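S.K.: First the structure, which I've put down as structure tokens, then a few questions once you've had a look.
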Amino acid sequence: MQTHFSESQLQIPAIQIADEVLRKCVHCGFCTATCPTYRITGDERESPRGRISLIQHLLESGEAPTATTVANLDHCLSCLACESTCPSGVSYRRLIDQGRELIEEKYRRPLFDRSLRALLAWLLPRRDWFRRALIAGRWTKSALKQAGKYSAPIKALAELIPSKSANQTNTKSDAIAPGVYLAQGAEIKRVALIIGCVQSVLAPEIDAAAVRVLTRHGCTVIVPEASKAGCCGALPHHLGKRPQGREMAELNITSWQAMLNNKEHPLDAVLMTASGCSSMLKDYPHVLEGAIDSKTLSSLIKDISVILKDLFEIKNPVIAYQTSSPKIVAWQNPCSLQHGLKEKTAPISVLESCGFTVREPLDAHLCCGSAGTYNLLQPELAGKLSAEKSCRLAETGGEFVVSGNIGCITQLSKNFSNEDTSQERKALSVIHLSQMIDWATGGPMPENIRQNSK
């Protein structure tokens, strides 16, 4: 497509990137078929193609965005299904990032929206404060539900606060301590496991399972000290707060520098068990504008399923969890994994290696509606997407739902819980891939499976 930037505008690096991306787009419309919001609304402005035009106008004109344009851009989940579909290789993420930055710079949101976004960007990356907020939230959950009658975001927040019974064991002491966890037997691989922010509070058992299953199958795991950032930077970055996200990325790279450049004990991979965070780390060269260590990190980022697949090809797993017939599992591939990291087959291969029959839902490419903080900021659209995804997963007949991202697990768990009386749907446990493979090869039964089986 044609662009109309002035010569002075084209001297700006961000505009140069936007111009290159815009010129690749031929407005073919392939992206509309896989865009979750366009499928719901049928509004061209709610499609990647439409949003590209809106962002182009903002960049070329220099105008402040209108409330309508802000809403159209806010409704984007950054699922990146459009990038997987685009035959022209348009890097849509570069444009939507710039669009969000423009909104942050030039548009003054209503007070409640502005305050909520600032709170989420500040609170979620801070583990200790987030843990305290969850405890307070459990005590005030009924009050929040009442307030939710007048505010959709507050209602969504109340629904996502875990019940005390489901998370009573998730305390600070449950987190994996920094250190080196040696492989059992001969070392086949050596990886670094980065502990994130939200997941380490909501479900520290996921990383614990990852360490157990990796070391059990011949992988030494290095868990570095938490950096001062505490967060990969994705949360503020996707809220349009680029300086905050960049600062977090810089703190992380500085903290991990020695580990990344260790010539004596080089790493085979760097992992985060939340695929949304892994996708962000993979994108650090763009966030940090090509810094050398960010490129080193990006080249090492892999999903845990890829490492387990390699280990299982060398050393067949011993299946400890035996049943009379293979368990059927529904695999929910997070957008950040299948579109961000471009990984679709390794998780299925690993599950099948452990004797599970794997079924994927219809329209497996579509988002569940979690998308970082999207389910809190856009609860109506997120709810529709979550309901559709849950129905598709239930249709597979799976006895468990397995995923690879804490956001998806949290979003879908509320639809499959015994507390959800709005749908005639049986309770299903939504389990992280690490926990499922750990259980299958000798680890403990995941707590939510134990609770749902009572």
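Residue numbers start at 1 in each chain; chains themselves are named A, B, ... in the order of the structure tokens; ligands are numbered from 1 in the order shown.
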Do you know which residues are at most 12 Å from range 62-69 of chain A counting only C-alpha atoms, after dropping those on the same chain fewer than 4 positions away, and could you put them as a PyMOL selection string?
M.R.: chain A and resi 5-6+9+15+45-46+50-58+73-76+99-110
S.K.: Extract, using only C-alpha atoms, all DNA, RNA and protein residues at most 9 Å from range 213-229 of chain A, discarding same-chain residues fewer than 4 positions from it, and format them as an NGL selection string.
M.R.: :A and (125-126 or 176-196 or 208-209 or 233 or 247-256 or 259 or 304 or 307-308 or 311-312 or 315-317 or 434-435 or 437-439 or 441-443)
S.K.: What residues in range 336-421 of chain A get the DSSP label alpha helix (DSSP H)? Please answer as a PyMOL selection string.
M.R.: chain A and resi 346-353+374-377+379-395+406-416
S.K.: Pick out the closest residue to Gly407 in chain A from this set: A:Gly369, A:Pro36, A:Pro361, A:Pro236. Count only C-alpha atoms.
M.R.: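 Closest residue, counting only C-alpha atoms: A:Gly369.
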S.K.: Using only C-alpha atoms, find the one residue out of A:Leu428, A:Cys86, A:Ile319, A:Leu235 that sits nearest to Cys354 in chain A.
M.R.: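 With only C-alpha atoms as the atom set, the closest residue is A:Ile319.
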S.K.: So which one's closest to Leu239 in chain A, A:Gly404, A:Gly355, A:Pro334, A:Gly372? Using only C-alpha atoms, please.
M.R.: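 Under the stated criterion, the closest residue is A:Gly372.
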S.K.: As an MDAnalysis selection string, please: the residues near range 338-347 of chain A (cut-off 7 Å, only C-alpha atoms, same-chain neighbours under 6 positions excluded).
M.R.: chainID A and resid 80:81 84 279 305:306 309
S.K.: Excluding Lys302 in chain A and residues on its chain fewer than 6 positions from it, collect all residues at most 8 Å away from it, counting only C-alpha atoms, and give them as a list in words.
M.R.: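 Returned residues: Ala269, Val270, Leu271, Ser278 and Leu341 of chain A.
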S.K.: How would the residues just picked look written out with C-alpha atoms as a PDB file, in the first residue's frame?
M.R.:
```pdb
ATOM      1  CA  ALA A 269      18.057 -22.660  25.778  1.00  0.00           C
ATOM      2  CA  VAL A 270      16.364 -20.050  27.937  1.00  0.00           C
ATOM      3  CA  LEU A 271      12.835 -20.910  29.075  1.00  0.00           C
ATOM      4  CA  SER A 278       8.718 -16.144  26.266  1.00  0.00           C
ATOM      5  CA  LEU A 341       6.916 -18.324  19.011  1.00  0.00           C
TER       6      LEU A 341
END
```
S.K.: DSSP on the backbone, strand (DSSP E) only: what residues of range 14-192 of chain A does that give? Format it as JSON, numbers by chain.
M.R.: {"A": [179, 180, 181, 189, 190, 191, 192]}
S.K.: Report as a CSV table (one decimal) with N, CA and C atoms, in the first residue's frame all protein, DNA and RNA residues lying within 6 Å of range 23-33 of chain A, evaluated on only C-alpha atoms, omitting residues in the same chain fewer than 2 positions from it.
M.R.:
```
chain,number,residue,atom,x,y,z
A,1,MET,N,0.8,-1.2,0.0
A,1,MET,CA,0.0,0.0,0.0
A,1,MET,C,0.9,1.2,0.0
A,20,GLU,N,8.0,0.8,6.3
A,20,GLU,CA,8.4,-0.5,5.7
A,20,GLU,C,7.3,-1.6,5.9
A,21,VAL,N,6.7,-1.6,7.1
A,21,VAL,CA,5.6,-2.5,7.4
A,21,VAL,C,4.4,-2.2,6.5
A,35,CYS,N,-9.0,-13.0,12.5
A,35,CYS,CA,-9.0,-12.0,13.6
A,35,CYS,C,-10.2,-12.3,14.5
A,47,SER,N,-10.6,-5.1,12.4
A,47,SER,CA,-9.8,-6.1,11.8
A,47,SER,C,-8.4,-5.6,11.7
A,82,CYS,N,-3.1,-12.8,12.8
A,82,CYS,CA,-3.0,-12.1,11.5
A,82,CYS,C,-1.6,-12.3,10.9
A,85,THR,N,-1.3,-15.6,9.3
A,85,THR,CA,-2.1,-15.8,8.1
A,85,THR,C,-1.6,-14.9,7.0
A,90,VAL,N,3.5,-9.2,6.7
A,90,VAL,CA,3.3,-7.9,7.4
A,90,VAL,C,3.5,-8.1,8.9
```
S.K.: Do you know which residues are at most 7 Å from Asp207 in chain A counting only C-alpha atoms, after dropping those on the same chain fewer than 3 positions away, and could you put them as number ranges by chain?
M.R.: A: 176, 204, 210-211, 273
S.K.: Tell me, as an MDAnalysis selection string, which residues lie within 8 Å of Leu381 in chain A, counting only C-alpha atoms; anything in the same chain fewer than 2 positions away does not count.
M.R.: chainID A and resid 37 75 369 378:379 383:385
S.K.: Which one is closest to Asp363 in chain A: A:Arg246, A:Ala143, A:Ala136, A:Thr34? Count only C-alpha atoms.
M.R.: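 Under the stated criterion, the closest residue is A:Thr34.
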